[in-house]
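Text of the file target_20.txt, holding compact mmCIF, C-alpha atoms:
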```txt
# COMPACT_ATOMS: atom_id res chain seq x y z
CA MET A 31 -6.45 22.27 -25.37
CA THR A 32 -8.29 21.37 -22.19
CA LYS A 33 -6.27 21.04 -19.08
CA SER A 34 -6.11 17.62 -17.52
CA ASN A 35 -5.41 16.82 -13.90
CA LYS A 36 -4.53 13.25 -14.83
CA PRO A 37 -0.74 13.59 -14.36
CA ILE A 38 -1.23 14.95 -10.82
CA VAL A 39 -3.29 11.92 -9.90
CA TRP A 40 -1.33 9.39 -11.90
CA GLY A 41 2.20 10.48 -10.94
CA PRO A 42 1.88 9.57 -7.25
CA PHE A 43 0.04 6.39 -8.29
CA ALA A 44 2.99 5.23 -10.40
CA ALA A 45 5.48 6.28 -7.72
CA GLY A 46 3.43 4.53 -5.02
CA GLY A 47 2.97 1.42 -7.13
CA THR A 48 6.73 1.16 -7.60
CA LEU A 49 7.54 1.91 -3.96
CA THR A 50 5.01 -0.62 -2.62
CA ALA A 51 6.21 -3.25 -5.12
CA PHE A 52 9.72 -2.93 -3.67
CA LEU A 53 8.90 -2.41 0.01
CA THR A 54 5.50 -3.64 1.17
CA PRO A 55 6.17 -7.41 1.20
CA ALA A 56 9.26 -6.95 3.42
CA LEU A 57 7.39 -4.55 5.71
CA ILE A 58 4.52 -7.02 6.07
CA VAL A 59 7.04 -9.74 6.99
CA LEU A 60 8.34 -7.49 9.80
CA THR A 61 4.96 -7.04 11.51
CA LEU A 62 4.01 -10.64 10.71
CA LEU A 63 7.09 -11.79 12.64
CA ALA A 64 6.07 -9.50 15.51
CA GLY A 65 2.61 -11.06 15.38
CA LEU A 66 4.17 -14.51 15.61
CA GLY A 67 6.01 -13.44 18.76
CA GLN A 68 9.41 -12.91 17.06
CA VAL A 69 9.55 -9.10 17.35
CA PRO A 70 12.37 -7.82 15.08
CA GLU A 71 14.87 -5.52 16.80
CA ALA A 72 13.73 -2.56 14.68
CA LEU A 73 10.19 -2.88 16.07
CA SER A 74 11.24 -2.58 19.70
CA TYR A 75 10.00 0.67 21.23
CA GLU A 76 13.52 2.11 21.63
CA HIS A 77 14.62 1.39 18.06
CA LEU A 78 11.44 2.45 16.30
CA HIS A 79 11.04 5.54 18.47
CA ALA A 80 14.62 6.60 17.69
CA PHE A 81 13.97 5.99 13.98
CA ALA A 82 10.76 8.03 13.98
CA ALA A 83 12.34 10.78 16.10
CA HIS A 84 14.91 11.52 13.40
CA TRP A 85 13.69 13.82 10.62
CA LEU A 86 14.96 11.39 7.99
CA GLY A 87 12.95 8.57 9.54
CA LYS A 88 9.89 10.80 9.69
CA ALA A 89 10.31 11.73 6.03
CA ALA A 90 10.70 8.08 5.00
CA LEU A 91 7.57 7.05 6.92
CA VAL A 92 5.46 9.87 5.48
CA VAL A 93 6.61 9.09 1.93
CA VAL A 94 5.93 5.36 2.29
CA ILE A 95 2.53 5.81 3.97
CA GLY A 96 1.44 8.70 1.74
CA LEU A 97 2.36 7.07 -1.56
CA SER A 98 0.96 3.66 -0.49
CA LEU A 99 -2.37 5.24 0.42
CA TRP A 100 -2.53 7.34 -2.74
CA SER A 101 -1.75 4.50 -5.13
CA ALA A 102 -4.22 2.23 -3.33
CA ALA A 103 -6.87 4.96 -3.50
CA HIS A 104 -6.32 5.51 -7.22
CA ARG A 105 -6.42 1.79 -7.98
CA PHE A 106 -9.58 1.41 -5.89
CA ARG A 107 -11.22 4.21 -7.85
CA ILE A 108 -10.41 2.59 -11.21
CA THR A 109 -11.54 -0.83 -9.93
CA ALA A 110 -14.84 0.57 -8.68
CA TYR A 111 -15.47 1.95 -12.17
CA ASP A 112 -14.55 -1.41 -13.75
CA LEU A 113 -17.03 -3.14 -11.46
CA GLY A 114 -19.84 -0.92 -12.68
CA VAL A 115 -19.84 1.92 -10.14
CA ARG A 116 -20.44 4.95 -12.34
CA ALA A 117 -20.33 7.63 -9.60
CA ASP A 118 -16.66 8.24 -10.41
CA ALA A 119 -16.46 11.83 -9.12
CA LEU A 120 -17.87 10.76 -5.74
CA VAL A 121 -15.62 7.69 -5.47
CA ALA A 122 -12.59 9.75 -6.49
CA ALA A 123 -13.36 12.47 -3.93
CA LEU A 124 -13.86 9.89 -1.16
CA VAL A 125 -10.77 7.77 -1.77
CA TYR A 126 -8.37 10.65 -2.44
CA ALA A 127 -9.68 12.50 0.63
CA GLY A 128 -9.19 9.30 2.62
CA ALA A 129 -5.61 8.94 1.41
CA LEU A 130 -4.84 12.56 2.28
CA ALA A 131 -6.50 12.21 5.70
CA GLY A 132 -4.46 9.09 6.47
CA THR A 133 -1.25 10.82 5.43
CA GLY A 134 -2.19 13.89 7.49
CA ALA A 135 -2.82 11.68 10.53
CA ALA A 136 0.60 10.04 10.06
CA VAL A 137 2.25 13.49 9.96
CA LEU A 138 0.36 14.52 13.09
CA TYR A 139 1.42 11.42 15.05
CA LEU A 140 5.02 11.77 13.86
CA LEU A 141 5.15 15.35 15.11
CA ARG A 142 4.32 14.02 18.58
CA ILE A 143 7.28 11.65 18.53
CA MET B 287 -37.18 18.06 -21.53
CA SER B 288 -37.61 14.73 -23.15
CA ARG B 289 -33.93 13.96 -23.54
CA LYS B 290 -33.27 10.36 -22.70
CA PRO B 291 -29.59 9.52 -22.93
CA TYR B 292 -28.62 5.97 -23.65
CA ALA B 293 -27.44 4.26 -20.52
CA ARG B 294 -25.39 1.20 -21.25
CA GLU B 295 -26.16 -1.73 -19.02
CA ILE B 296 -23.42 -2.14 -16.45
CA SER B 297 -22.46 -5.19 -14.52
CA SER B 298 -19.44 -6.82 -13.02
CA GLU B 299 -20.00 -10.35 -14.31
CA TRP B 300 -17.45 -9.75 -17.10
CA ILE B 301 -14.61 -10.52 -14.70
CA PHE B 302 -15.59 -14.20 -14.72
CA ARG B 303 -15.65 -14.45 -18.52
CA HIS B 304 -11.96 -15.16 -18.84
CA PRO B 305 -9.19 -16.19 -16.41
CA ARG B 306 -7.23 -13.17 -17.62
CA TYR B 307 -9.96 -10.82 -16.42
CA LEU B 308 -10.05 -12.55 -13.07
CA ARG B 309 -6.26 -12.24 -12.69
CA TYR B 310 -6.62 -8.56 -13.53
CA MET B 311 -9.19 -8.16 -10.76
CA VAL B 312 -7.00 -10.02 -8.25
CA ARG B 313 -4.20 -7.61 -9.15
CA GLU B 314 -6.50 -4.63 -8.70
CA PHE B 315 -7.81 -5.93 -5.37
CA SER B 316 -4.25 -5.91 -4.03
CA CYS B 317 -4.89 -2.19 -3.45
CA LEU B 318 -7.20 -3.06 -0.53
CA PHE B 319 -4.39 -4.86 1.26
CA ILE B 320 -1.64 -2.39 0.42
CA GLY B 321 -3.87 0.50 1.50
CA GLY B 322 -4.99 -1.50 4.54
CA TYR B 323 -1.41 -2.17 5.54
CA ALA B 324 -0.55 1.54 5.20
CA LEU B 325 -3.46 2.31 7.54
CA LEU B 326 -2.11 -0.28 9.98
CA MET B 327 1.17 1.66 9.89
CA VAL B 328 -0.71 4.89 10.68
CA VAL B 329 -2.31 3.18 13.70
CA GLY B 330 1.13 1.91 14.71
CA LEU B 331 2.53 5.46 14.61
CA LYS B 332 -0.35 6.63 16.80
CA ARG B 333 0.45 3.95 19.38
CA LEU B 334 4.18 4.70 19.13
CA ALA B 335 3.51 8.39 19.82
CA GLU B 336 1.47 7.42 22.90
CA GLY B 337 4.45 5.83 24.62
CA PRO B 338 6.05 2.47 25.45
CA ALA B 339 2.95 0.91 27.05
CA ALA B 340 0.74 1.78 24.08
CA TRP B 341 3.38 0.40 21.69
CA GLU B 342 3.52 -2.87 23.65
CA GLY B 343 -0.26 -3.02 23.34
CA PHE B 344 0.06 -2.60 19.57
CA LEU B 345 2.59 -5.45 19.38
CA GLN B 346 0.21 -7.59 21.45
CA ALA B 347 -2.67 -6.75 19.12
CA LEU B 348 -0.56 -7.93 16.16
CA GLN B 349 -0.69 -11.43 17.69
CA ALA B 350 -4.48 -11.68 17.35
CA PRO B 351 -5.55 -14.47 14.95
CA ALA B 352 -7.35 -11.91 12.75
CA SER B 353 -4.12 -9.91 12.51
CA ILE B 354 -2.07 -12.98 11.56
CA ALA B 355 -4.67 -13.95 8.94
CA PHE B 356 -4.68 -10.40 7.54
CA HIS B 357 -0.88 -10.45 7.34
CA PHE B 358 -0.76 -13.73 5.38
CA VAL B 359 -3.44 -12.61 2.92
CA ALA B 360 -1.89 -9.13 2.59
CA LEU B 361 1.54 -10.69 2.00
CA ALA B 362 0.15 -12.86 -0.80
CA PHE B 363 -1.60 -9.90 -2.46
CA SER B 364 1.40 -7.61 -2.08
CA LEU B 365 3.71 -10.23 -3.63
CA TYR B 366 1.25 -10.52 -6.53
CA HIS B 367 1.30 -6.73 -6.87
CA SER B 368 5.12 -6.72 -6.97
CA VAL B 369 5.29 -9.48 -9.59
CA THR B 370 2.66 -7.90 -11.86
CA TRP B 371 4.22 -4.45 -11.43
CA PHE B 372 7.74 -5.62 -12.32
CA ASN B 373 6.42 -7.65 -15.26
CA LEU B 374 4.96 -4.44 -16.67
CA THR B 375 8.18 -2.39 -16.39
CA PRO B 376 9.31 -3.13 -20.00
CA LYS B 377 6.22 -1.21 -21.14
CA ALA B 378 7.28 1.86 -19.15
CA ILE B 379 11.04 1.52 -19.57
CA PRO B 380 11.84 -0.34 -22.81
CA LEU B 381 15.33 -1.54 -21.93
CA PRO B 382 16.69 -5.10 -22.08
CA PHE B 383 16.63 -7.02 -18.78
CA ILE B 384 14.65 -4.22 -17.11
CA SER B 385 12.27 -6.70 -15.41
CA ALA B 386 15.19 -8.86 -14.26
CA ALA B 387 16.95 -5.77 -12.89
CA HIS B 388 13.84 -4.85 -10.92
CA TYR B 389 13.47 -8.38 -9.54
CA ALA B 390 17.14 -8.39 -8.49
CA GLY B 391 16.76 -4.98 -6.86
CA TRP B 392 13.59 -6.12 -5.10
CA VAL B 393 15.24 -9.23 -3.63
CA ALA B 394 18.37 -7.28 -2.59
CA LEU B 395 16.35 -4.49 -1.01
CA SER B 396 14.05 -6.87 0.86
CA ILE B 397 16.99 -8.85 2.27
CA ALA B 398 18.80 -5.61 3.21
CA LEU B 399 15.69 -4.23 4.92
CA LEU B 400 15.05 -7.41 6.91
CA TRP B 401 18.73 -7.60 7.87
CA MET B 402 18.83 -3.96 8.98
CA ALA B 403 15.65 -4.54 10.97
CA GLY B 404 17.49 -7.22 12.89
CA VAL B 405 15.77 -10.30 11.47
CA SER B 406 18.22 -13.17 11.67
```
Is it possible to express this structure as structure tokens?
Amino acid sequence: MTKSNKPIVWGPFAAGGTLTAFLTPALIVLTLLAGLGQVPEALSYEHLHAFAAHWLGKAALVVVIGLSLWSAAHRFRITAYDLGVRADALVAALVYAGALAGTGAAVLYLLRI
Amino acid sequence: MSRKPYAREISSEWIFRHPRYLRYMVREFSCLFIGGYALLMVVGLKRLAEGPAAWEGFLQALQAPASIAFHFVALAFSLYHSVTWFNLTPKAIPLPFISAAHYAGWVALSIALLWMAGVS
């Protein structure tokens, strides 16, 4: 039997798809309110900094950002194929690398908080 | 070497052949906005790490018309992602009321999150 790396790619996609289905709309509402001048308490510097300074807050942010980016990357890859882009290996390498880079950047910034 | 493999013609016009295909594509394109929003969060963390002044600058930048427009479009796509995702749950977890349970959990979690974030 040939080994497949599909579960490794697909697992975080399913997890990210579920997480973003539950969370992303509410998160977007938070920054939308801030954009409309009604900054929610949690987005004040003091509150958000305290949240991100705690290891639990850091972990939550990395999980949300990492899984969102991964599931978006995977879906983008499949969509590119559906739209006729046949360079799948290249697309896959680019989008997964991008997701990992974004997650790595988030970790880096969080370590400075 | 005279091997000439058959290359099927590829195009993307199929998505307009049926409303169902178009809805599928809209669902798939939600990934651009969910990924884009995650990147916005990464930028936010960068600004947060740079200190109070940088964070205030980030909050100011959120008020730009382009940012507001992005938020409305991203919200619409992310809601569509949630609905399509929860509608598919019976395929993954074949239990009665599993979609309804997910919708209820989604609403409860969203309200709890907004409440905890201090939105009144």
Could you tell me which of B:Ala387, B:Leu348, B:Val312, B:Ile301 comes closest to chain A if we count all atoms listed in the file?
->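 Using all atoms listed in the file, the shortest distance to chain A belongs to B:Leu348.
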Do a neighbour search on Val125 (chain A) at 12 Å with all atoms listed in the file, toss out local chain neighbours closer than 3 positions, and write the hits as a ChimeraX atom specification.
-> /A:39,99-110,118-122,128-132 /B:317-318,321
Distance filter 8 Å, all atoms listed in the file, chain A against chain B, as a ChimeraX atom specification = /A:47-48,50-56,58-62,64-67,70-73,75,79,95,98-99,101-103,105-106,109,112-114,132-133,135-136,139-140,142-143
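CA of Val93 (chain A) is found 24.6 Å from CA of Ile384 (chain B).
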Please, what distance in Å, to one decimal, runs between CA of Ser385 (chain B) and CA of Leu49 (chain A)?
->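 It comes out at 15.1 Å.
The closest residue to Ala44 (chain A), picked from A:Ala80, A:Ala90, A:Val115, A:Leu97 and counting only C-alpha atoms, is A:Leu97.
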Taken to one decimal, the CA of Val94 (chain A)-CA of Lys36 (chain A) distance is 21.6 Å
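Candidate residues A:Val69, A:Leu57, A:Leu63, A:Ala45 were compared for distance to Gly96 (chain A), and the nearest is A:Ala45, using all atoms listed in the file.
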